[in-house]
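Source file my_file21.tsv; content: TSV, C-alpha atoms.
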chain	number	residue	atom	x	y	z
D	1	MET	CA	0.00	0.00	0.00
D	2	LYS	CA	1.37	3.40	-0.85
D	3	ALA	CA	2.08	5.85	1.93
D	4	ALA	CA	-0.84	7.98	3.04
D	5	ALA	CA	-0.78	11.61	1.93
D	6	LEU	CA	-2.11	14.21	4.33
D	7	PHE	CA	-4.50	16.73	2.85
D	8	PHE	CA	-6.44	19.48	4.51
D	9	VAL	CA	-9.07	22.02	3.55
D	10	GLY	CA	-8.25	25.09	5.61
D	11	VAL	CA	-5.27	25.78	7.87
D	12	LEU	CA	-4.68	23.80	11.05
D	13	PRO	CA	-2.43	24.69	13.96
D	14	ALA	CA	0.53	22.43	14.69
D	15	LEU	CA	-0.29	19.25	16.60
D	16	ALA	CA	-4.01	19.69	16.02
D	17	GLN	CA	-6.26	17.11	17.62
D	18	TYR	CA	-8.15	16.40	14.39
D	19	SER	CA	-6.78	15.59	10.95
D	20	VAL	CA	-7.73	14.00	7.65
D	21	GLU	CA	-5.66	11.62	5.53
D	22	ARG	CA	-6.23	10.35	2.01
D	23	ASP	CA	-4.76	7.07	0.76
D	24	GLY	CA	-6.03	6.15	-2.69
D	25	ASP	CA	-9.76	5.44	-2.38
D	26	VAL	CA	-9.70	5.74	1.41
D	27	ILE	CA	-10.33	8.86	3.48
D	28	ARG	CA	-9.39	8.63	7.15
D	29	LEU	CA	-10.66	10.83	9.94
D	30	LEU	CA	-8.35	11.02	12.96
D	31	ASP	CA	-8.85	12.16	16.54
D	32	GLY	CA	-5.36	12.22	18.01
D	33	LYS	CA	-6.45	12.80	21.59
D	34	SER	CA	-8.59	9.64	21.79
D	35	GLN	CA	-6.48	7.76	19.19
D	36	THR	CA	-9.61	7.12	17.10
D	37	VAL	CA	-9.43	6.50	13.35
D	38	VAL	CA	-12.40	6.13	10.99
D	39	SER	CA	-11.80	4.91	7.42
D	40	VAL	CA	-14.31	5.75	4.69
D	41	MET	CA	-14.38	4.53	1.08
D	42	PRO	CA	-16.63	6.84	-1.00
D	43	SER	CA	-15.99	4.78	-4.15
D	44	HIS	CA	-17.52	1.66	-2.58
D	45	GLY	CA	-20.96	2.59	-1.29
D	46	ASN	CA	-19.54	5.52	0.70
D	47	SER	CA	-19.17	3.09	3.58
D	48	ALA	CA	-17.22	3.68	6.77
D	49	PHE	CA	-15.62	0.24	6.63
D	50	ASP	CA	-13.28	0.53	9.62
D	51	MET	CA	-13.23	2.31	12.98
D	52	ARG	CA	-10.57	1.76	15.62
D	53	VAL	CA	-9.67	3.15	19.03
D	54	LYS	CA	-6.03	2.67	20.05
D	55	GLY	CA	-5.79	0.11	17.27
D	56	LYS	CA	-8.76	-1.93	18.53
D	57	LYS	CA	-11.70	-2.53	16.23
D	58	VAL	CA	-15.08	-0.93	16.91
D	59	LEU	CA	-16.53	-2.07	13.57
D	60	GLN	CA	-16.28	-5.71	12.52
D	61	ASN	CA	-13.99	-5.83	9.48
D	62	PRO	CA	-12.48	-9.21	8.53
D	63	TYR	CA	-10.51	-7.91	5.55
D	64	ALA	CA	-6.72	-7.52	5.54
D	65	SER	CA	-6.67	-4.40	3.37
D	66	PRO	CA	-8.93	-1.78	1.80
D	67	GLU	CA	-8.39	-3.48	-1.56
D	68	GLU	CA	-9.65	-6.80	-0.18
D	69	TYR	CA	-12.67	-5.04	1.32
D	70	LYS	CA	-13.48	-3.40	-1.99
D	71	ARG	CA	-13.35	-6.75	-3.81
D	72	ALA	CA	-15.53	-8.52	-1.25
D	73	ARG	CA	-19.26	-8.89	-1.77
D	74	GLY	CA	-20.30	-9.32	1.87
D	75	LEU	CA	-21.45	-6.56	4.18
D	76	THR	CA	-19.19	-5.19	6.90
D	77	GLY	CA	-18.45	-1.85	8.56
D	78	ILE	CA	-21.39	0.56	8.12
D	79	PRO	CA	-23.19	-0.26	4.84
D	80	PHE	CA	-25.82	2.20	3.61
D	81	LEU	CA	-29.13	0.57	2.61
D	82	ALA	CA	-31.20	2.50	0.08
D	83	PRO	CA	-33.62	3.31	-1.41
D	84	TRP	CA	-35.06	0.74	1.01
D	85	ALA	CA	-33.54	-1.25	3.88
D	86	ASN	CA	-34.07	-4.93	4.60
D	87	ARG	CA	-36.66	-7.02	2.78
D	88	LEU	CA	-39.68	-6.30	0.63
D	89	ASP	CA	-42.37	-8.97	0.39
D	90	THR	CA	-42.82	-8.56	-3.38
D	91	THR	CA	-40.74	-7.48	-6.37
D	92	GLY	CA	-42.08	-3.96	-6.14
D	93	PHE	CA	-43.37	-1.38	-3.71
D	94	TYR	CA	-46.15	1.13	-3.10
D	95	ALA	CA	-45.81	4.90	-2.77
D	96	ASN	CA	-48.54	7.54	-2.80
D	97	GLY	CA	-51.10	4.78	-3.34
D	98	LYS	CA	-49.44	3.56	-6.56
D	99	LYS	CA	-47.58	0.32	-7.18
D	100	TYR	CA	-44.12	0.36	-8.76
D	101	THR	CA	-42.85	-2.97	-10.10
D	102	PHE	CA	-39.13	-3.67	-10.43
D	103	ASN	CA	-37.52	-4.43	-13.77
D	104	LEU	CA	-35.56	-7.53	-12.77
D	105	GLU	CA	-33.81	-7.71	-16.13
D	106	LEU	CA	-31.69	-4.71	-15.13
D	107	GLY	CA	-29.98	-6.79	-12.44
D	108	THR	CA	-29.84	-4.00	-9.90
D	109	VAL	CA	-32.30	-5.42	-7.32
D	110	LEU	CA	-30.48	-7.60	-4.80
D	111	GLY	CA	-32.06	-10.91	-3.82
D	112	ALA	CA	-34.73	-11.04	-6.54
D	113	PRO	CA	-36.00	-13.06	-8.30
D	114	ASN	CA	-35.08	-16.07	-6.12
D	115	SER	CA	-35.88	-14.42	-2.79
D	116	HIS	CA	-37.19	-11.16	-1.36
D	117	PRO	CA	-35.60	-7.95	-2.69
D	118	ILE	CA	-33.25	-6.79	0.04
D	119	HIS	CA	-31.17	-3.74	1.00
D	120	GLY	CA	-31.81	-1.68	-2.13
D	121	PHE	CA	-28.96	-1.38	-4.61
D	122	LEU	CA	-26.50	1.25	-3.34
D	123	THR	CA	-24.29	-0.77	-0.96
D	124	ALA	CA	-21.41	-0.81	-3.49
D	125	ALA	CA	-22.30	2.30	-5.53
D	126	THR	CA	-19.25	3.89	-7.15
D	127	GLN	CA	-20.89	7.20	-8.11
D	128	TRP	CA	-20.40	9.05	-4.81
D	129	GLU	CA	-18.43	12.30	-5.12
D	130	VAL	CA	-16.51	13.85	-2.24
D	131	VAL	CA	-17.75	17.38	-1.60
D	132	GLU	CA	-15.52	18.25	1.34
D	133	ALA	CA	-12.90	16.58	3.54
D	134	GLN	CA	-11.81	18.85	6.34
D	135	ALA	CA	-10.42	19.02	9.85
D	136	GLY	CA	-10.93	21.89	12.25
D	137	GLN	CA	-10.35	22.61	15.90
D	138	ASN	CA	-13.49	20.72	16.96
D	139	ALA	CA	-13.88	17.81	14.50
D	140	ALA	CA	-12.79	16.04	11.33
D	141	TRP	CA	-15.32	15.20	8.65
D	142	VAL	CA	-15.93	14.09	5.09
D	143	THR	CA	-19.07	14.89	3.11
D	144	SER	CA	-20.01	13.02	-0.07
D	145	ARG	CA	-22.91	13.37	-2.47
D	146	LEU	CA	-24.77	10.89	-4.65
D	147	GLU	CA	-26.96	12.21	-7.48
D	148	PHE	CA	-29.41	9.34	-7.65
D	149	TYR	CA	-31.53	11.01	-10.31
D	150	ARG	CA	-28.71	10.85	-12.87
D	151	GLN	CA	-28.71	7.02	-13.02
D	152	PRO	CA	-31.36	5.63	-15.43
D	153	ASP	CA	-31.20	2.07	-14.06
D	154	TRP	CA	-31.79	3.33	-10.51
D	155	MET	CA	-34.61	5.62	-11.56
D	156	ALA	CA	-36.26	2.69	-13.39
D	157	GLN	CA	-36.52	0.86	-10.05
D	158	PHE	CA	-37.22	3.79	-7.70
D	159	PRO	CA	-38.56	6.66	-9.85
D	160	PHE	CA	-38.15	9.46	-7.33
D	161	ALA	CA	-35.53	11.97	-8.40
D	162	HIS	CA	-33.36	12.83	-5.43
D	163	THR	CA	-29.86	13.41	-4.16
D	164	ILE	CA	-28.19	11.97	-1.07
D	165	GLU	CA	-25.62	13.81	1.00
D	166	MET	CA	-23.78	11.97	3.76
D	167	THR	CA	-21.32	13.35	6.30
D	168	TYR	CA	-19.10	11.29	8.58
D	169	ARG	CA	-17.99	13.53	11.44
D	170	LEU	CA	-15.50	12.46	14.13
D	171	LYS	CA	-15.64	14.55	17.29
D	172	ASP	CA	-14.59	13.71	20.85
D	173	ALA	CA	-14.06	10.03	19.95
D	174	THR	CA	-17.65	9.83	18.65
D	175	LEU	CA	-18.59	9.21	15.03
D	176	GLU	CA	-21.71	10.96	13.72
D	177	VAL	CA	-23.24	9.66	10.49
D	178	GLN	CA	-25.53	12.34	9.06
D	179	THR	CA	-27.71	11.69	6.00
D	180	LYS	CA	-29.72	14.18	3.94
D	181	LEU	CA	-32.22	13.19	1.25
D	182	ASN	CA	-33.28	15.98	-1.10
D	183	ASN	CA	-36.50	15.23	-2.99
D	184	LEU	CA	-36.35	16.68	-6.51
D	185	SER	CA	-39.54	14.90	-7.59
D	186	ALA	CA	-42.97	16.40	-8.21
D	187	GLU	CA	-44.50	13.91	-5.74
D	188	PRO	CA	-43.80	13.06	-2.09
D	189	MET	CA	-40.93	10.58	-1.74
D	190	PRO	CA	-41.16	7.73	0.80
D	191	VAL	CA	-38.24	7.24	3.20
D	192	ALA	CA	-37.33	3.64	4.06
D	193	ILE	CA	-33.53	3.87	4.18
D	194	GLY	CA	-31.28	2.44	6.86
D	195	PHE	CA	-27.78	1.39	7.82
D	196	HIS	CA	-26.39	-2.03	8.73
D	197	PRO	CA	-23.41	-1.36	11.04
D	198	TYR	CA	-21.44	-4.29	12.47
D	199	PHE	CA	-20.13	-3.62	15.99
D	200	GLN	CA	-17.73	-5.54	18.19
D	201	VAL	CA	-15.80	-5.36	21.43
D	202	ASN	CA	-12.45	-7.04	21.89
D	203	ASP	CA	-11.91	-7.71	25.59
D	204	ALA	CA	-14.28	-10.68	25.96
D	205	PRO	CA	-15.62	-13.52	23.77
D	206	ARG	CA	-19.09	-13.10	22.28
D	207	ASP	CA	-20.68	-15.34	24.91
D	208	GLU	CA	-19.65	-12.84	27.58
D	209	TRP	CA	-21.04	-9.76	25.84
D	210	THR	CA	-24.05	-7.95	27.23
D	211	PHE	CA	-26.30	-5.55	25.34
D	212	GLY	CA	-29.18	-3.15	25.83
D	213	LEU	CA	-32.03	-2.01	23.59
D	214	GLY	CA	-33.89	1.27	23.90
D	215	ALA	CA	-37.17	-0.09	22.52
D	216	ARG	CA	-40.57	-1.02	23.89
D	217	THR	CA	-42.05	-3.35	21.26
D	218	GLN	CA	-41.01	-6.21	19.01
D	219	TRP	CA	-42.56	-6.78	15.58
D	220	THR	CA	-43.60	-10.38	15.04
D	221	LEU	CA	-41.94	-11.79	11.91
D	222	ALA	CA	-43.04	-14.50	9.52
D	223	PRO	CA	-40.47	-17.23	8.71
D	224	ASP	CA	-39.26	-15.11	5.77
D	225	LYS	CA	-38.49	-12.21	8.17
D	226	ILE	CA	-41.38	-10.02	6.92
D	227	PRO	CA	-43.40	-8.37	9.75
D	228	THR	CA	-46.86	-9.88	10.17
D	229	GLY	CA	-48.31	-6.62	11.48
D	230	GLU	CA	-48.51	-7.85	15.07
D	231	THR	CA	-46.37	-6.49	17.89
D	232	ARG	CA	-45.73	-7.51	21.47
D	233	PRO	CA	-44.01	-5.90	24.47
D	234	ILE	CA	-40.27	-6.38	24.19
D	235	GLU	CA	-40.18	-7.95	27.65
D	236	GLN	CA	-41.95	-11.02	26.22
D	237	PHE	CA	-38.85	-11.56	24.10
D	238	LEU	CA	-36.13	-10.11	26.33
D	239	PRO	CA	-37.06	-10.13	30.04
D	240	ASP	CA	-34.54	-7.33	30.68
D	241	PRO	CA	-34.12	-5.47	27.36
D	242	ARG	CA	-31.97	-2.77	28.94
D	243	HIS	CA	-29.35	-5.33	30.03
D	244	SER	CA	-29.29	-8.78	28.41
D	245	ALA	CA	-26.66	-11.46	27.87
D	246	LEU	CA	-25.84	-12.24	24.25
D	247	LYS	CA	-24.90	-15.84	25.03
D	248	GLY	CA	-27.33	-18.28	23.42
D	249	MET	CA	-29.02	-15.55	21.38
D	250	ASN	CA	-29.56	-15.80	17.62
D	251	LEU	CA	-30.98	-12.41	16.69
D	252	ASP	CA	-32.47	-11.07	13.47
D	253	ASP	CA	-35.38	-9.08	14.84
D	254	VAL	CA	-37.24	-5.79	14.38
D	255	PHE	CA	-38.06	-3.46	17.26
D	256	GLY	CA	-40.05	-0.23	17.43
D	257	ASP	CA	-41.52	2.33	19.81
D	258	LEU	CA	-38.00	3.44	20.69
D	259	ILE	CA	-37.31	4.81	24.16
D	260	ARG	CA	-36.13	8.38	23.70
D	261	ASP	CA	-34.52	11.01	25.86
D	262	SER	CA	-35.61	14.63	26.07
D	263	SER	CA	-33.93	15.39	22.72
D	264	GLY	CA	-35.71	12.53	20.96
D	265	LYS	CA	-32.69	10.22	20.79
D	266	ALA	CA	-32.69	6.47	21.51
D	267	THR	CA	-29.63	4.45	22.53
D	268	MET	CA	-28.52	0.82	22.08
D	269	TRP	CA	-25.27	-0.63	23.45
D	270	VAL	CA	-22.98	-3.66	23.58
D	271	GLN	CA	-20.28	-4.28	26.19
D	272	GLY	CA	-17.49	-6.73	26.97
D	273	LYS	CA	-15.51	-6.47	30.20
D	274	THR	CA	-14.80	-2.74	30.00
D	275	GLU	CA	-15.10	-1.99	26.28
D	276	ARG	CA	-18.47	-0.58	25.32
D	277	VAL	CA	-20.06	0.74	22.13
D	278	GLU	CA	-23.17	2.94	22.34
D	279	VAL	CA	-25.23	3.65	19.23
D	280	THR	CA	-27.64	6.58	19.47
D	281	PHE	CA	-30.43	7.14	16.92
D	282	GLY	CA	-31.89	10.53	16.06
D	283	PRO	CA	-35.70	10.91	16.15
D	284	ASN	CA	-36.27	10.23	12.42
D	285	TYR	CA	-34.93	6.71	12.84
D	286	ARG	CA	-38.14	5.04	13.90
D	287	ALA	CA	-37.04	1.40	14.32
D	288	VAL	CA	-34.02	-0.79	15.00
D	289	VAL	CA	-33.16	-4.15	13.50
D	290	VAL	CA	-30.85	-6.19	15.72
D	291	TYR	CA	-28.78	-8.78	13.91
D	292	ALA	CA	-26.46	-11.05	15.92
D	293	PRO	CA	-26.47	-14.56	14.44
D	294	ALA	CA	-24.96	-17.38	16.43
D	295	GLY	CA	-22.14	-19.50	15.03
D	296	PRO	CA	-18.41	-19.44	14.26
D	297	ASN	CA	-16.87	-16.14	13.10
D	298	ARG	CA	-19.99	-14.29	14.21
D	299	ASP	CA	-18.38	-12.03	16.79
D	300	PHE	CA	-20.49	-8.96	16.05
D	301	ILE	CA	-23.84	-7.39	16.78
D	302	CYS	CA	-25.69	-5.02	14.45
D	303	PHE	CA	-27.88	-2.21	15.75
D	304	GLU	CA	-29.38	-1.03	12.48
D	305	PRO	CA	-30.83	2.51	12.37
D	306	MET	CA	-33.99	2.32	10.28
D	307	ALA	CA	-36.21	5.14	9.04
D	308	ALA	CA	-38.99	2.53	8.92
D	309	ILE	CA	-39.50	-1.15	9.71
D	310	THR	CA	-38.86	-3.97	7.27
D	311	ASP	CA	-41.28	-3.90	4.28
D	312	ALA	CA	-42.66	-0.56	5.45
D	313	LEU	CA	-43.38	0.63	1.89
D	314	ASN	CA	-45.87	-2.18	1.36
D	315	LEU	CA	-47.15	-2.53	4.91
D	316	ALA	CA	-48.07	1.16	4.93
D	317	GLN	CA	-50.20	0.66	1.82
D	318	ARG	CA	-52.17	-2.01	3.69
D	319	GLY	CA	-52.68	0.23	6.68
D	320	ILE	CA	-50.50	-1.97	8.90
D	321	TYR	CA	-47.60	0.43	9.38
D	322	LYS	CA	-48.46	3.98	10.43
D	323	GLU	CA	-45.03	5.67	10.70
D	324	LEU	CA	-43.81	5.78	7.09
D	325	GLN	CA	-42.20	9.16	6.44
D	326	TYR	CA	-42.51	11.11	3.19
D	327	ILE	CA	-40.46	14.04	1.90
D	328	PRO	CA	-42.60	16.72	0.23
D	329	PRO	CA	-41.49	17.87	-3.24
D	330	GLY	CA	-38.50	20.18	-3.03
D	331	LYS	CA	-37.89	19.42	0.66
D	332	THR	CA	-35.19	17.58	2.62
D	333	TRP	CA	-35.18	14.71	5.12
D	334	GLN	CA	-32.24	14.68	7.50
D	335	GLU	CA	-31.10	12.52	10.38
D	336	SER	CA	-28.01	11.29	12.24
D	337	PHE	CA	-26.88	8.42	14.36
D	338	TRP	CA	-23.82	8.39	16.62
D	339	VAL	CA	-21.28	5.66	17.47
D	340	ARG	CA	-19.62	6.23	20.82
D	341	PRO	CA	-16.91	3.76	21.98
D	342	SER	CA	-15.61	3.81	25.55
D	343	GLY	CA	-13.32	1.71	27.72
D	344	PHE	CA	-11.00	0.83	24.82

Structure rendered as structure tokens:
Amino acid sequence: MKAAALFFVGVLPALAQYSVERDGDVIRLLDGKSQTVVSVMPSHGNSAFDMRVKGKKVLQNPYASPEEYKRARGLTGIPFLAPWANRLDTTGFYANGKKYTFNLELGTVLGAPNSHPIHGFLTAATQWEVVEAQAGQNAAWVTSRLEFYRQPDWMAQFPFAHTIEMTYRLKDATLEVQTKLNNLSAEPMPVAIGFHPYFQVNDAPRDEWTFGLGARTQWTLAPDKIPTGETRPIEQFLPDPRHSALKGMNLDDVFGDLIRDSSGKATMWVQGKTERVEVTFGPNYRAVVVYAPAGPNRDFICFEPMAAITDALNLAQRGIYKELQYIPPGKTWQESFWVRPSGF
């Protein structure tokens, strides 16, 4: 790998706490005080594929190099799921009372036709353009933009002209992931995006991890992981949802009615002996999918920020899901989530 080249927008004082590096396709945000490094690859889905504190991984990343990560087809780090997250129950979706059917011959819809369409089609998008990469006295950040409306194959599947702007901001050892959707269409645009971050701690084996969920209800799922429309109190699934042992758990579940603080934020966490990762959702993330499958090489847990539950586009049409958000024409949807490691 070639040596990293430092680049800055603006002038920084000597020995500044925050800095930005660029190494080929990779942009790194650095917080020298906490020894935190976040690596982002705009050319591969604009994913933050690695985050470390004092050299220890916060995000699960099994790849030996950025090049290996870019070649891989599996999800890791913080993949962005759009224009919908998780599964749809049919090869199409409803919006504004109208049905839109996918053109499967284009090959852009993941999963179909052999299984449910899943995770949209932007996880490996190469069309992101870096708008700004900068470090200041209080943070380091990189902002990238995706002009969805310029791609005919994407518009054929999700015909709502829009742009996406995403900022990764590292401040005080905390990573903020901010997303803005700008609706350029003449009709309201449904919002069903999400992220699929893979978290880990390093000071204990998975069977000794504990975790907490800031949610009140669980959505009942059919065998194909599509919500049935029924919910139950989370305590019927996790007797102590605020502090549970991961040992023996095999999770791929959808939770709603998030427990929020006075600013509207909801927090999930995982902890080993002393290492802990907290994930805080802003108010426009209305649900969380928790994915922590049991088995070898499964030392991770995903707290997935979701603007809506699985299959929300179609469940809303049937009157089952009541929280689907829409962006009016010419307006913007914006939200953040935060990743806060401690004890590393």

Once 3 Å is added on each side, what centre and edge lengths in Å to one decimal does the axis-aligned box around all listed atoms of segment 51-60 of chain D have, as JSON?
{"center_x": -11.2, "center_y": -1.3, "center_z": 16.3, "size_x": 16.7, "size_y": 14.9, "size_z": 13.5}

*Please identify all polymer residues within 6 Å of segment 41-45 of chain D, counting all atoms listed in the file, omitting same-chain residues fewer than 3 positions from it, and present them as a ChimeraX atom specification.*
/D:25-26,123-126,128

*Give the answer as one residue: which of D:Leu246, D:Ile226, D:Ala139, D:Leu184 has the shortest atom-to-atom distance to Asp172 of chain D, using all atoms listed in the file?*
D:Ala139

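Distances here use only C-alpha atoms; by that measure, the residue among D:Leu213, D:Asp299, D:Lys225, D:Thr76 closest to Asp257 of chain D is D:Leu213.
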
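Once Ala161 of chain D and its same-chain neighbours fewer than 2 positions away are set aside, Glu147, Phe148, Tyr149, Arg150, Gln151, Trp154, Met155, Phe158, Pro159, Thr163, Asn182, Asn183, Leu184, Ser185, Ala186, Glu187, Met189 and Pro329 of chain D remain within 10 Å of it when counting all atoms listed in the file.
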
*Near segment 96-104 of chain D, counting all atoms listed in the file, which residues have an atom at most 9 Å away, once you skip same-chain residues fewer than 5 positions from it, shown as a PyMOL selection string?*
chain D and resi 90-91+109+112-113+156-159+187-190+317

Store the residues picked out above, limited to C-alpha atoms, as a CSV table (one decimal), keeping the file's coordinate frame.
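File written: selection15.csv
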chain,number,residue,atom,x,y,z
D,90,THR,CA,-42.8,-8.6,-3.4
D,91,THR,CA,-40.7,-7.5,-6.4
D,109,VAL,CA,-32.3,-5.4,-7.3
D,112,ALA,CA,-34.7,-11.0,-6.5
D,113,PRO,CA,-36.0,-13.1,-8.3
D,156,ALA,CA,-36.3,2.7,-13.4
D,157,GLN,CA,-36.5,0.9,-10.0
D,158,PHE,CA,-37.2,3.8,-7.7
D,159,PRO,CA,-38.6,6.7,-9.8
D,187,GLU,CA,-44.5,13.9,-5.7
D,188,PRO,CA,-43.8,13.1,-2.1
D,189,MET,CA,-40.9,10.6,-1.7
D,190,PRO,CA,-41.2,7.7,0.8
D,317,GLN,CA,-50.2,0.7,1.8

*Report the distance between atom CA of Ala192 of chain D and atom CA of Leu313 of chain D in Å, rounded to one decimal place.*
7.1 Å

Report as JSON lines the residues of segment 38-105 of chain D within 12 Å of segment 227-240 of chain D, each with its shortest atom pair and distance in Å (one decimal), using only C-alpha atoms, ordered by chain and increasing residue number.
{"residue": "D:Asn86", "atom": "CA", "partner": "D:Pro227", "partner_atom": "CA", "distance": 11.2}
{"residue": "D:Arg87", "atom": "CA", "partner": "D:Pro227", "partner_atom": "CA", "distance": 9.8}
{"residue": "D:Leu88", "atom": "CA", "partner": "D:Pro227", "partner_atom": "CA", "distance": 10.1}
{"residue": "D:Asp89", "atom": "CA", "partner": "D:Pro227", "partner_atom": "CA", "distance": 9.4}

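Atom pair atom CA of Phe211 of chain D / atom CA of Gln271 of chain D has a distance of 6.2 Å (rounded to one decimal).
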
*asked:* (-28.5, 4.0, 14.9) in this file's frame - what residues fall within 7 Å of it? Use only C-alpha atoms and give the answer as a PyMOL selection string.
replied: chain D and resi 279-281+303-305+337-338

_Proximity to Ala64 of chain D - best of D:Asp50, D:Pro223, D:Lys171, D:Asn202, all atoms listed in the file_ = D:Asp50

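The closest residue to Ala215 of chain D, picked from D:Ser34, D:Ser115, D:Thr332, D:Thr267 and counting all atoms listed in the file, is D:Thr267.
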
Selection: 10 Å around Glu335 of chain D, all atoms listed in the file, excl. self and same-chain fewer than 6 positions, as a compact mmCIF listing (two decimals) with C-alpha atoms, in the frame of the given file:
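Result file follows (out33.txt):
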# COMPACT_ATOMS: atom_id res chain seq x y z
CA MET D 166 -23.78 11.97 3.76
CA VAL D 177 -23.24 9.66 10.49
CA GLN D 178 -25.53 12.34 9.06
CA THR D 179 -27.71 11.69 6.00
CA LYS D 180 -29.72 14.18 3.94
CA LEU D 181 -32.22 13.19 1.25
CA PHE D 281 -30.43 7.14 16.92
CA GLY D 282 -31.89 10.53 16.06
CA PRO D 283 -35.70 10.91 16.15
CA ASN D 284 -36.27 10.23 12.42
CA TYR D 285 -34.93 6.71 12.84
CA ALA D 307 -36.21 5.14 9.04

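Closest approach to Val37 of chain D from the set D:Gly319, D:Gly24, D:Gly55, D:Gly256 is made by D:Gly55, with distances taken over only C-alpha atoms.
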
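Proximity to Ile193 of chain D was assessed for D:Trp84, D:Phe344, D:Tyr321, D:Trp219 counting only C-alpha atoms; the smallest distance is recorded for D:Trp84.
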
_Interatomic distance (Å, one decimal) between atom CA of Leu258 of chain D and atom CA of Arg286 of chain D_ = 7.0 Å

*asked:* Give me the residues near Glu208 of chain D as number ranges by chain, where near means some atom within 12 Å (using all atoms listed in the file) and where sequence neighbours in that chain fewer than 6 positions away do not count.
replied: D: 201-202, 244-249, 270-275, 299
